[in-house]
$ cat protein23.cif   # mmCIF, C-alpha atoms and all ligand atoms
data_target
#
loop_
_atom_site.group_PDB
_atom_site.id
_atom_site.type_symbol
_atom_site.label_atom_id
_atom_site.label_comp_id
_atom_site.auth_asym_id
_atom_site.auth_seq_id
_atom_site.Cartn_x
_atom_site.Cartn_y
_atom_site.Cartn_z
ATOM 1 C CA MET A 23 13.911 -3.585 64.433
ATOM 2 C CA LYS A 24 11.746 -1.500 66.770
ATOM 3 C CA LEU A 25 12.560 2.195 67.024
ATOM 4 C CA PHE A 26 11.007 4.996 69.059
ATOM 5 C CA ASP A 27 11.347 8.541 67.704
ATOM 6 C CA SER A 28 11.342 10.480 70.968
ATOM 7 C CA HIS A 29 11.069 13.967 69.435
ATOM 8 C CA ALA A 30 9.073 14.866 66.330
ATOM 9 C CA HIS A 31 6.906 17.755 65.108
ATOM 10 C CA LEU A 32 4.522 15.949 62.763
ATOM 11 C CA ASP A 33 1.893 18.615 63.440
ATOM 12 C CA PHE A 34 4.006 21.259 61.644
ATOM 13 C CA PRO A 35 2.815 22.586 58.253
ATOM 14 C CA GLN A 36 5.814 20.946 56.530
ATOM 15 C CA PHE A 37 3.822 17.702 56.829
ATOM 16 C CA ASP A 38 0.393 19.006 55.798
ATOM 17 C CA ALA A 39 0.608 17.597 52.282
ATOM 18 C CA ASP A 40 1.649 14.030 53.158
ATOM 19 C CA ARG A 41 1.347 13.407 56.910
ATOM 20 C CA GLU A 42 -0.293 10.010 56.503
ATOM 21 C CA ALA A 43 2.373 8.829 54.045
ATOM 22 C CA VAL A 44 5.097 10.017 56.428
ATOM 23 C CA ILE A 45 3.586 7.989 59.269
ATOM 24 C CA GLU A 46 3.248 4.938 57.026
ATOM 25 C CA ARG A 47 6.895 5.219 55.950
ATOM 26 C CA ALA A 48 7.891 5.379 59.618
ATOM 27 C CA ARG A 49 5.985 2.170 60.354
ATOM 28 C CA ALA A 50 7.581 0.476 57.366
ATOM 29 C CA ALA A 51 11.017 1.524 58.686
ATOM 30 C CA GLY A 52 10.396 -0.160 62.051
ATOM 31 C CA VAL A 53 9.262 2.872 64.040
ATOM 32 C CA VAL A 54 6.794 1.668 66.678
ATOM 33 C CA GLY A 55 6.318 4.971 68.490
ATOM 34 C CA VAL A 56 6.667 8.708 67.860
ATOM 35 C CA LEU A 57 6.501 11.367 70.550
ATOM 36 C CA ASN A 58 5.056 14.496 68.974
ATOM 37 C CA VAL A 59 6.251 17.484 70.978
ATOM 38 C CA GLY A 60 4.300 20.736 71.304
ATOM 39 C CA THR A 61 5.995 24.103 70.915
ATOM 40 C CA ASP A 62 3.117 26.421 71.810
ATOM 41 C CA LEU A 63 -0.556 26.106 72.677
ATOM 42 C CA VAL A 64 -1.731 25.548 69.097
ATOM 43 C CA SER A 65 0.881 22.912 68.330
ATOM 44 C CA SER A 66 0.235 21.229 71.700
ATOM 45 C CA ARG A 67 -3.455 20.958 70.784
ATOM 46 C CA ARG A 68 -2.480 19.465 67.424
ATOM 47 C CA ALA A 69 -0.087 17.024 69.095
ATOM 48 C CA VAL A 70 -2.894 15.781 71.346
ATOM 49 C CA ALA A 71 -5.248 15.434 68.369
ATOM 50 C CA LEU A 72 -2.664 13.504 66.359
ATOM 51 C CA ALA A 73 -2.036 11.148 69.290
ATOM 52 C CA ALA A 74 -5.762 10.519 69.574
ATOM 53 C CA GLN A 75 -5.921 9.531 65.892
ATOM 54 C CA ARG A 76 -2.818 7.347 65.555
ATOM 55 C CA HIS A 77 -1.978 4.583 67.982
ATOM 56 C CA MET A 78 1.774 4.938 67.468
ATOM 57 C CA VAL A 79 1.808 8.682 68.221
ATOM 58 C CA TYR A 80 2.147 10.113 71.745
ATOM 59 C CA ALA A 81 2.057 13.769 72.758
ATOM 60 C CA ALA A 82 3.959 16.263 74.883
ATOM 61 C CA VAL A 83 2.466 19.663 75.650
ATOM 62 C CA GLY A 84 4.343 22.835 76.471
ATOM 63 C CA VAL A 85 5.712 26.154 75.290
ATOM 64 C CA HIS A 86 9.132 26.378 73.595
ATOM 65 C CA PRO A 87 11.534 29.119 74.735
ATOM 66 C CA HIS A 88 11.039 30.854 71.356
ATOM 67 C CA ASP A 89 7.378 31.294 72.309
ATOM 68 C CA ALA A 90 7.937 32.018 76.003
ATOM 69 C CA LYS A 91 6.539 35.516 75.551
ATOM 70 C CA LYS A 92 3.151 33.937 74.719
ATOM 71 C CA LEU A 93 2.908 31.951 77.975
ATOM 72 C CA ASP A 94 0.292 33.649 80.145
ATOM 73 C CA GLY A 95 -2.028 32.306 82.833
ATOM 74 C CA ALA A 96 -4.780 31.363 80.375
ATOM 75 C CA THR A 97 -2.319 29.400 78.203
ATOM 76 C CA LEU A 98 -0.945 27.551 81.200
ATOM 77 C CA ALA A 99 -4.488 26.699 82.298
ATOM 78 C CA GLU A 100 -5.343 25.253 78.894
ATOM 79 C CA LEU A 101 -2.064 23.314 78.770
ATOM 80 C CA ARG A 102 -2.994 21.860 82.152
ATOM 81 C CA ASN A 103 -6.293 20.638 80.726
ATOM 82 C CA LEU A 104 -4.598 19.213 77.646
ATOM 83 C CA ALA A 105 -2.123 17.359 79.863
ATOM 84 C CA GLN A 106 -5.006 15.314 81.288
ATOM 85 C CA GLU A 107 -5.516 13.613 77.913
ATOM 86 C CA PRO A 108 -4.504 9.955 78.128
ATOM 87 C CA LYS A 109 -1.617 9.967 75.630
ATOM 88 C CA VAL A 110 0.128 13.061 76.955
ATOM 89 C CA VAL A 111 3.291 11.548 78.412
ATOM 90 C CA ALA A 112 5.510 14.595 78.993
ATOM 91 C CA VAL A 113 5.709 18.373 79.365
ATOM 92 C CA GLY A 114 7.672 20.026 76.574
ATOM 93 C CA GLU A 115 9.386 21.317 74.880
ATOM 94 C CA ILE A 116 10.595 23.787 77.452
ATOM 95 C CA GLY A 117 13.940 25.381 78.204
ATOM 96 C CA LEU A 118 16.217 28.233 77.193
ATOM 97 C CA ASP A 119 17.451 29.326 73.771
ATOM 98 C CA PHE A 120 20.132 32.023 73.981
ATOM 99 C CA TYR A 121 21.192 31.366 70.382
ATOM 100 C CA ARG A 122 18.189 32.839 68.636
ATOM 101 C CA ASP A 123 16.764 34.810 71.591
ATOM 102 C CA LEU A 124 13.292 34.970 70.033
ATOM 103 C CA SER A 125 11.800 35.747 73.453
ATOM 104 C CA PRO A 126 13.495 38.022 76.001
ATOM 105 C CA ARG A 127 15.679 35.960 78.349
ATOM 106 C CA ASP A 128 13.819 36.883 81.527
ATOM 107 C CA GLN A 129 10.577 35.696 79.941
ATOM 108 C CA GLN A 130 12.274 32.476 78.836
ATOM 109 C CA ARG A 131 13.427 31.884 82.421
ATOM 110 C CA ARG A 132 9.959 32.545 83.856
ATOM 111 C CA ALA A 133 8.243 30.258 81.342
ATOM 112 C CA PHE A 134 10.814 27.504 81.932
ATOM 113 C CA GLN A 135 10.439 27.658 85.735
ATOM 114 C CA ALA A 136 6.640 27.814 85.575
ATOM 115 C CA GLN A 137 6.454 24.742 83.352
ATOM 116 C CA LEU A 138 8.993 22.795 85.431
ATOM 117 C CA ALA A 139 6.901 23.445 88.531
ATOM 118 C CA TRP A 140 3.796 22.353 86.708
ATOM 119 C CA ALA A 141 5.443 19.145 85.392
ATOM 120 C CA ALA A 142 6.499 18.237 88.933
ATOM 121 C CA ARG A 143 2.944 18.651 90.184
ATOM 122 C CA LEU A 144 1.670 16.458 87.331
ATOM 123 C CA SER A 145 4.496 13.936 87.827
ATOM 124 C CA LYS A 146 5.342 14.093 84.133
ATOM 125 C CA PRO A 147 8.883 14.045 82.734
ATOM 126 C CA VAL A 148 10.092 17.117 80.839
ATOM 127 C CA ILE A 149 11.550 17.565 77.354
ATOM 128 C CA ILE A 150 14.327 20.131 77.539
ATOM 129 C CA HIS A 151 15.453 22.434 74.743
ATOM 130 C CA ASP A 152 18.858 23.969 75.549
ATOM 131 C CA ARG A 153 20.699 26.000 72.966
ATOM 132 C CA GLU A 154 23.730 28.055 74.004
ATOM 133 C CA ALA A 155 22.388 28.122 77.567
ATOM 134 C CA HIS A 156 24.145 25.091 79.067
ATOM 135 C CA GLU A 157 25.309 26.642 82.356
ATOM 136 C CA GLU A 158 21.977 28.132 83.216
ATOM 137 C CA VAL A 159 19.934 25.095 82.149
ATOM 138 C CA LEU A 160 22.196 22.878 84.225
ATOM 139 C CA GLY A 161 21.759 25.105 87.282
ATOM 140 C CA ILE A 162 17.974 25.219 86.944
ATOM 141 C CA LEU A 163 17.664 21.453 86.356
ATOM 142 C CA THR A 164 19.961 20.700 89.289
ATOM 143 C CA ASP A 165 17.752 22.693 91.672
ATOM 144 C CA TRP A 166 14.585 21.221 90.208
ATOM 145 C CA GLY A 167 15.869 17.633 90.168
ATOM 146 C CA GLN A 168 17.212 17.671 93.717
ATOM 147 C CA ASP A 169 13.741 18.333 95.080
ATOM 148 C CA LEU A 170 12.337 15.393 93.092
ATOM 149 C CA LYS A 171 14.824 12.669 94.016
ATOM 150 C CA ARG A 172 12.283 10.782 96.107
ATOM 151 C CA SER A 173 9.208 11.662 94.035
ATOM 152 C CA PRO A 174 7.553 9.372 91.459
ATOM 153 C CA LEU A 175 9.725 11.193 88.888
ATOM 154 C CA GLY A 176 12.984 10.200 90.604
ATOM 155 C CA GLY A 177 15.349 8.713 88.008
ATOM 156 C CA ARG A 178 13.067 9.651 85.120
ATOM 157 C CA LEU A 179 13.021 13.424 85.181
ATOM 158 C CA GLY A 180 13.077 13.911 81.433
ATOM 159 C CA VAL A 181 15.347 14.225 78.423
ATOM 160 C CA LEU A 182 17.773 16.848 77.137
ATOM 161 C CA HIS A 183 16.700 16.685 73.526
ATOM 162 C CA THR A 184 19.202 17.131 70.673
ATOM 163 C CA PHE A 185 21.859 17.297 73.351
ATOM 164 C CA SER A 186 24.593 19.803 72.470
ATOM 165 C CA GLY A 187 26.636 20.019 75.668
ATOM 166 C CA ASP A 188 29.884 18.270 76.503
ATOM 167 C CA LEU A 189 30.488 14.985 78.293
ATOM 168 C CA ALA A 190 30.827 16.593 81.732
ATOM 169 C CA MET A 191 27.376 18.141 81.389
ATOM 170 C CA ALA A 192 25.885 14.892 80.066
ATOM 171 C CA GLU A 193 27.227 12.984 83.049
ATOM 172 C CA ARG A 194 25.836 15.539 85.479
ATOM 173 C CA VAL A 195 22.324 15.468 84.062
ATOM 174 C CA VAL A 196 22.330 11.670 83.826
ATOM 175 C CA ASP A 197 23.302 11.592 87.514
ATOM 176 C CA LEU A 198 20.334 13.828 88.244
ATOM 177 C CA GLY A 199 17.983 11.385 86.488
ATOM 178 C CA PHE A 200 17.788 12.687 82.921
ATOM 179 C CA TYR A 201 18.145 10.900 79.599
ATOM 180 C CA ILE A 202 20.107 12.232 76.616
ATOM 181 C CA GLY A 203 18.401 12.636 73.225
ATOM 182 C CA ILE A 204 20.582 11.914 70.186
ATOM 183 C CA SER A 205 19.510 13.182 66.744
ATOM 184 C CA GLY A 206 20.788 13.976 63.243
ATOM 185 C CA PRO A 207 23.766 16.158 64.261
ATOM 186 C CA ALA A 208 25.467 13.033 65.677
ATOM 187 C CA THR A 209 25.712 11.813 62.069
ATOM 188 C CA TYR A 210 27.356 15.004 60.753
ATOM 189 C CA GLN A 211 31.059 15.219 59.964
ATOM 190 C CA ASN A 212 31.457 18.245 62.235
ATOM 191 C CA ALA A 213 29.746 16.695 65.301
ATOM 192 C CA ARG A 214 31.799 18.101 68.176
ATOM 193 C CA HIS A 215 31.292 16.397 71.519
ATOM 194 C CA LEU A 216 28.640 13.943 70.391
ATOM 195 C CA PRO A 217 30.730 10.882 69.469
ATOM 196 C CA GLU A 218 32.517 11.109 72.816
ATOM 197 C CA VAL A 219 29.223 11.594 74.696
ATOM 198 C CA VAL A 220 27.624 8.635 72.927
ATOM 199 C CA ARG A 221 30.615 6.380 73.583
ATOM 200 C CA ALA A 222 30.877 7.267 77.256
ATOM 201 C CA LEU A 223 27.255 7.222 78.370
ATOM 202 C CA PRO A 224 25.492 3.980 79.279
ATOM 203 C CA LEU A 225 23.132 2.780 76.547
ATOM 204 C CA ASP A 226 20.272 2.697 79.052
ATOM 205 C CA ARG A 227 20.320 6.543 79.231
ATOM 206 C CA LEU A 228 20.158 7.325 75.494
ATOM 207 C CA LEU A 229 17.120 8.085 73.360
ATOM 208 C CA VAL A 230 16.984 8.449 69.585
ATOM 209 C CA GLU A 231 15.008 11.249 67.968
ATOM 210 C CA THR A 232 14.596 13.090 64.679
ATOM 211 C CA ASP A 233 13.356 16.584 65.725
ATOM 212 C CA CYS A 234 11.716 16.432 62.296
ATOM 213 C CA PRO A 235 11.117 18.391 60.098
ATOM 214 C CA TYR A 236 14.539 19.738 61.192
ATOM 215 C CA LEU A 237 18.012 18.205 61.526
ATOM 216 C CA ALA A 238 17.786 15.436 58.945
ATOM 217 C CA PRO A 239 20.579 12.909 59.500
ATOM 218 C CA HIS A 240 23.272 12.235 56.916
ATOM 219 C CA PRO A 241 22.736 11.587 53.944
ATOM 220 C CA HIS A 242 19.490 13.591 54.048
ATOM 221 C CA ARG A 243 21.060 16.642 55.688
ATOM 222 C CA GLY A 244 19.528 19.911 54.505
ATOM 223 C CA ARG A 245 16.260 18.328 53.414
ATOM 224 C CA ARG A 246 13.035 17.707 55.358
ATOM 225 C CA ASN A 247 13.499 15.157 58.118
ATOM 226 C CA GLU A 248 10.923 12.493 59.066
ATOM 227 C CA PRO A 249 10.589 9.702 61.656
ATOM 228 C CA ALA A 250 11.539 6.996 59.105
ATOM 229 C CA TYR A 251 15.119 8.338 59.314
ATOM 230 C CA VAL A 252 15.527 7.761 63.039
ATOM 231 C CA GLY A 253 17.217 4.433 62.304
ATOM 232 C CA LEU A 254 20.176 6.381 60.857
ATOM 233 C CA VAL A 255 20.716 7.893 64.305
ATOM 234 C CA ALA A 256 20.559 4.439 65.908
ATOM 235 C CA GLU A 257 23.132 3.236 63.349
ATOM 236 C CA ARG A 258 25.465 6.076 64.291
ATOM 237 C CA ILE A 259 25.171 5.227 67.999
ATOM 238 C CA ALA A 260 25.813 1.569 67.185
ATOM 239 C CA ALA A 261 28.940 2.487 65.211
ATOM 240 C CA CYS A 262 30.244 4.723 68.045
ATOM 241 C CA LYS A 263 29.693 2.040 70.648
ATOM 242 C CA GLY A 264 30.658 -0.977 68.520
ATOM 243 C CA LEU A 265 27.254 -2.615 69.032
ATOM 244 C CA PRO A 266 24.745 -4.182 66.633
ATOM 245 C CA VAL A 267 22.129 -1.610 65.587
ATOM 246 C CA GLY A 268 19.352 -3.976 66.688
ATOM 247 C CA GLU A 269 20.633 -3.784 70.239
ATOM 248 C CA VAL A 270 20.640 0.035 70.136
ATOM 249 C CA ALA A 271 17.105 0.082 68.717
ATOM 250 C CA GLU A 272 15.808 -2.289 71.363
ATOM 251 C CA ALA A 273 17.515 -0.451 74.239
ATOM 252 C CA THR A 274 16.487 3.055 73.176
ATOM 253 C CA THR A 275 12.888 1.923 72.680
ATOM 254 C CA ALA A 276 12.908 0.353 76.146
ATOM 255 C CA ASN A 277 14.386 3.591 77.532
ATOM 256 C CA ALA A 278 11.627 5.685 75.965
ATOM 257 C CA GLN A 279 8.983 3.393 77.426
ATOM 258 C CA ARG A 280 10.566 3.586 80.894
ATOM 259 C CA LEU A 281 11.019 7.366 80.810
ATOM 260 C CA PHE A 282 7.575 8.196 79.467
ATOM 261 C CA GLY A 283 5.726 5.418 81.285
ATOM 262 C CA LEU A 284 4.185 3.957 78.155
ATOM 263 C CA THR A 285 3.988 0.624 76.386
ATOM 264 C CA VAL A 286 4.185 0.691 72.606
ATOM 265 C CA VAL A 287 1.581 -1.350 70.782
ATOM 266 C CA ASP A 288 3.184 -2.926 67.766
HETATM 267 ZN ZN ZN B 1 11.799 20.151 68.787
#
$ encode --input "protein23.cif" --output "structure tokens" --more "lines below"
Ligand SMILES: [Zn+2]
Amino acid sequence: MKLFDSHAHLDFPQFDADREAVIERARAAGVVGVLNVGTDLVSSRRAVALAAQRHMVYAAVGVHPHDAKKLDGATLAELRNLAQEPKVVAVGEIGLDFYRDLSPRDQQRRAFQAQLAWAARLSKPVIIHDREAHEEVLGILTDWGQDLKRSPLGGRLGVLHTFSGDLAMAERVVDLGFYIGISGPATYQNARHLPEVVRALPLDRLLVETDCPYLAPHPHRGRRNEPAYVGLVAERIAACKGLPVGEVAEATTANAQRLFGLTVVD
């Protein structure tokens, strides 16, 4: 089985003690690629460094809505330089978080728009974080995506990671050219819209992800997550859709390669 973990934070301190072992366990579990996503300038630098060291790791660079207040001109300039590194395949994670509101909302909006504009200029797909901001994220992505229909990004605009909207929203963003990232919450008893979303969407628009160290899938819920567990998410998708898990693994890995324009080296 070949799996691609499309959203991980292996650079976080939770992995300082055993990062190499975590990556080895992922390989042993059939993970052939991990996209390590930056959350601010420091973590974006670390993501790029990790990708340079490990052939199965790729990087995304960007500033998370929690850290939007830190995004100034100098940061954006350095992110632009980092994005030139060969294994940087996306801009992210970017978006809006009106659940925790760790940056003022107007600063979140400005940082989101600035990074979307920059991703379009670079022709790189975006990794979207949307928590309790569905309406506004949808509006912003609709405007952004309509301008890019005939660009090199057409049909591969990015992914709504750890998707938490309903089916109507999922269908609208898929129509625009986005993919939907499925993670641990799909395996929880109280998953709300996710089983319905997973059943209804075409397999060629789904990605699997861990968002580790957070959101460990059942039966690891509440403990540290790691890329080796991404197969549990693929199993949940397979169960929802009535498909063999191998087919889900193969399709989601192909989807990640298409979206991010990369070829995994096994
Ligand atoms: Zn994340």
$ resolve_selection --input "protein23.cif" --expression "the PyMOL selection byres (((not hetatm)) within 10 of (chain B and resi 1))" --output "VMD selection string"
chain A and resid 28 to 31 58 to 61 86 114 to 116 149 to 151 183 to 184 231 to 237
$ resolve_selection --input "protein23.cif" --expression "the PyMOL selection byres (((chain A and resi 43-49) around 12) and not hetatm)" --output "PDB file with C-alpha atoms, in the frame of the given file"
ATOM      1  CA  MET A  23      13.911  -3.585  64.433  1.00  0.00           C
ATOM      2  CA  LYS A  24      11.746  -1.500  66.770  1.00  0.00           C
ATOM      3  CA  LEU A  25      12.560   2.195  67.024  1.00  0.00           C
ATOM      4  CA  PHE A  26      11.007   4.996  69.059  1.00  0.00           C
ATOM      5  CA  ASP A  27      11.347   8.541  67.704  1.00  0.00           C
ATOM      6  CA  ALA A  30       9.073  14.866  66.330  1.00  0.00           C
ATOM      7  CA  HIS A  31       6.906  17.755  65.108  1.00  0.00           C
ATOM      8  CA  LEU A  32       4.522  15.949  62.763  1.00  0.00           C
ATOM      9  CA  ASP A  33       1.893  18.615  63.440  1.00  0.00           C
ATOM     10  CA  GLN A  36       5.814  20.946  56.530  1.00  0.00           C
ATOM     11  CA  PHE A  37       3.822  17.702  56.829  1.00  0.00           C
ATOM     12  CA  ASP A  38       0.393  19.006  55.798  1.00  0.00           C
ATOM     13  CA  ALA A  39       0.608  17.597  52.282  1.00  0.00           C
ATOM     14  CA  ASP A  40       1.649  14.030  53.158  1.00  0.00           C
ATOM     15  CA  ARG A  41       1.347  13.407  56.910  1.00  0.00           C
ATOM     16  CA  GLU A  42      -0.293  10.010  56.503  1.00  0.00           C
ATOM     17  CA  ALA A  50       7.581   0.476  57.366  1.00  0.00           C
ATOM     18  CA  ALA A  51      11.017   1.524  58.686  1.00  0.00           C
ATOM     19  CA  GLY A  52      10.396  -0.160  62.051  1.00  0.00           C
ATOM     20  CA  VAL A  53       9.262   2.872  64.040  1.00  0.00           C
ATOM     21  CA  VAL A  54       6.794   1.668  66.678  1.00  0.00           C
ATOM     22  CA  GLY A  55       6.318   4.971  68.490  1.00  0.00           C
ATOM     23  CA  VAL A  56       6.667   8.708  67.860  1.00  0.00           C
ATOM     24  CA  ASN A  58       5.056  14.496  68.974  1.00  0.00           C
ATOM     25  CA  LEU A  72      -2.664  13.504  66.359  1.00  0.00           C
ATOM     26  CA  ALA A  73      -2.036  11.148  69.290  1.00  0.00           C
ATOM     27  CA  GLN A  75      -5.921   9.531  65.892  1.00  0.00           C
ATOM     28  CA  ARG A  76      -2.818   7.347  65.555  1.00  0.00           C
ATOM     29  CA  HIS A  77      -1.978   4.583  67.982  1.00  0.00           C
ATOM     30  CA  MET A  78       1.774   4.938  67.468  1.00  0.00           C
ATOM     31  CA  VAL A  79       1.808   8.682  68.221  1.00  0.00           C
ATOM     32  CA  THR A 232      14.596  13.090  64.679  1.00  0.00           C
ATOM     33  CA  CYS A 234      11.716  16.432  62.296  1.00  0.00           C
ATOM     34  CA  PRO A 235      11.117  18.391  60.098  1.00  0.00           C
ATOM     35  CA  ARG A 246      13.035  17.707  55.358  1.00  0.00           C
ATOM     36  CA  ASN A 247      13.499  15.157  58.118  1.00  0.00           C
ATOM     37  CA  GLU A 248      10.923  12.493  59.066  1.00  0.00           C
ATOM     38  CA  PRO A 249      10.589   9.702  61.656  1.00  0.00           C
ATOM     39  CA  ALA A 250      11.539   6.996  59.105  1.00  0.00           C
ATOM     40  CA  TYR A 251      15.119   8.338  59.314  1.00  0.00           C
ATOM     41  CA  VAL A 252      15.527   7.761  63.039  1.00  0.00           C
ATOM     42  CA  GLY A 253      17.217   4.433  62.304  1.00  0.00           C
ATOM     43  CA  VAL A 287       1.581  -1.350  70.782  1.00  0.00           C
ATOM     44  CA  ASP A 288       3.184  -2.926  67.766  1.00  0.00           C
TER      45      ASP A 288
END
$ closest_residue --input "protein23.cif" --among "A:Gly244, A:Pro266, A:Pro147, A:Gly206" --to "Arg178 of chain A" --atoms "only C-alpha atoms"
A:Pro147
$ closest_residue --input "protein23.cif" --among "A:His240, A:Leu223, A:Ala112, A:Ala69" --to "Ala192 of chain A" --atoms "only C-alpha atoms"
A:Leu223
$ residues_around --input "protein23.cif" --residues "segment 153-161 of chain A" --least-positions-apart "5" --cutoff "6 Å" --atoms "all atoms listed in the file" --output "list in words"
Asp119, Phe120 and Tyr121 of chain A
$ closest_residue --input "protein23.cif" --among "A:Val83, A:Ala74, A:Leu118, A:Ala90" --to "Asn103 of chain A" --atoms "all atoms listed in the file"
A:Val83
$ resolve_selection --input "protein23.cif" --expression "the PyMOL selection byres (((chain A and resi 139) around 12) and not hetatm)" --output "list in words"
Leu98, Arg102, Val113, Ile116, Arg132, Ala133, Phe134, Gln135, Ala136, Gln137, Leu138, Trp140, Ala141, Ala142, Arg143, Leu144, Ser145, Lys146, Pro147, Val148, Ile162, Leu163, Asp165, Trp166, Gly167, Asp169 and Leu170 of chain A
$ closest_atom_pairs --input "protein23.cif" --of "segment 194-242 of chain A" --to "segment 260-264 of chain A" --cutoff "9 Å" --atoms "all atoms listed in the file" --output "JSON lines"
{"residue": "A:Pro217", "atom": "CA", "partner": "A:Cys262", "partner_atom": "CA", "distance": 6.3}
{"residue": "A:Glu218", "atom": "CA", "partner": "A:Cys262", "partner_atom": "CA", "distance": 8.3}
{"residue": "A:Val220", "atom": "CA", "partner": "A:Cys262", "partner_atom": "CA", "distance": 6.8}
{"residue": "A:Arg221", "atom": "CA", "partner": "A:Lys263", "partner_atom": "CA", "distance": 5.3}
{"residue": "A:Ala222", "atom": "CA", "partner": "A:Lys263", "partner_atom": "CA", "distance": 8.5}
{"residue": "A:Leu225", "atom": "CA", "partner": "A:Lys263", "partner_atom": "CA", "distance": 8.9}
$ residues_near_point --input "protein23.cif" --point "(9.0, 7.3, 75.9)" --cutoff "8 Å" --atoms "only C-alpha atoms" --output "number ranges by chain"
A: 26, 28, 57, 111, 275-284
$ atom_distance --input "protein23.cif" --atom1 "atom CA of Leu229 of chain A" --atom2 "atom CA of Gly84 of chain A"
19.8 Å
$ atom_distance --input "protein23.cif" --atom1 "atom CA of Met191 of chain A" --atom2 "atom CA of Arg172 of chain A"
22.3 Å
$ axis_aligned_box --input "protein23.cif" --around "segment 261-268 of chain A" --padding-each-side "3 Å" --output "lines of an AutoDock Vina configuration file"
center_x = 25.0
center_y = 0.3
center_z = 67.9
size_x = 17.3
size_y = 14.9
size_z = 11.4
$ residues_near_point --input "protein23.cif" --point "(17.2, 17.5, 79.7)" --cutoff "6 Å" --atoms "all atoms listed in the file" --output "PyMOL selection string"
chain A and resi 150+180-182+200
$ decode --input "protein23.cif" --residues "segment 258-263 of chain A" --atoms "all heavy atoms" --output "compact mmCIF listing (two decimals), in the first residue's frame"
# COMPACT_ATOMS: atom_id res chain seq x y z
N ARG A 258 -11.01 4.38 6.81
CA ARG A 258 -12.33 4.96 7.08
C ARG A 258 -13.01 5.39 5.77
O ARG A 258 -14.21 5.17 5.58
CB ARG A 258 -12.17 6.15 8.03
CG ARG A 258 -13.46 6.84 8.38
CD ARG A 258 -14.33 6.00 9.31
NE ARG A 258 -15.57 6.70 9.59
CZ ARG A 258 -16.79 6.22 9.36
NH1 ARG A 258 -16.94 4.99 8.88
NH2 ARG A 258 -17.86 6.94 9.63
N ILE A 259 -12.24 5.99 4.88
CA ILE A 259 -12.79 6.38 3.57
C ILE A 259 -13.26 5.14 2.82
O ILE A 259 -14.35 5.11 2.24
CB ILE A 259 -11.74 7.15 2.74
CG1 ILE A 259 -11.42 8.50 3.41
CG2 ILE A 259 -12.21 7.37 1.30
CD1 ILE A 259 -10.27 9.27 2.76
N ALA A 260 -12.43 4.10 2.87
CA ALA A 260 -12.77 2.85 2.17
C ALA A 260 -14.07 2.27 2.72
O ALA A 260 -14.94 1.84 1.96
CB ALA A 260 -11.62 1.84 2.32
N ALA A 261 -14.22 2.30 4.05
CA ALA A 261 -15.44 1.77 4.66
C ALA A 261 -16.67 2.59 4.24
O ALA A 261 -17.72 2.04 3.92
CB ALA A 261 -15.30 1.75 6.18
N CYS A 262 -16.52 3.93 4.23
CA CYS A 262 -17.64 4.81 3.83
C CYS A 262 -18.05 4.55 2.39
O CYS A 262 -19.22 4.63 2.05
CB CYS A 262 -17.24 6.28 3.93
SG CYS A 262 -17.28 6.96 5.56
N LYS A 263 -17.09 4.33 1.54
CA LYS A 263 -17.37 4.21 0.11
C LYS A 263 -17.55 2.76 -0.34
O LYS A 263 -17.87 2.52 -1.51
CB LYS A 263 -16.23 4.85 -0.70
CG LYS A 263 -16.25 6.38 -0.70
CD LYS A 263 -15.18 6.88 -1.64
CE LYS A 263 -15.39 8.31 -2.12
NZ LYS A 263 -16.66 8.63 -2.75
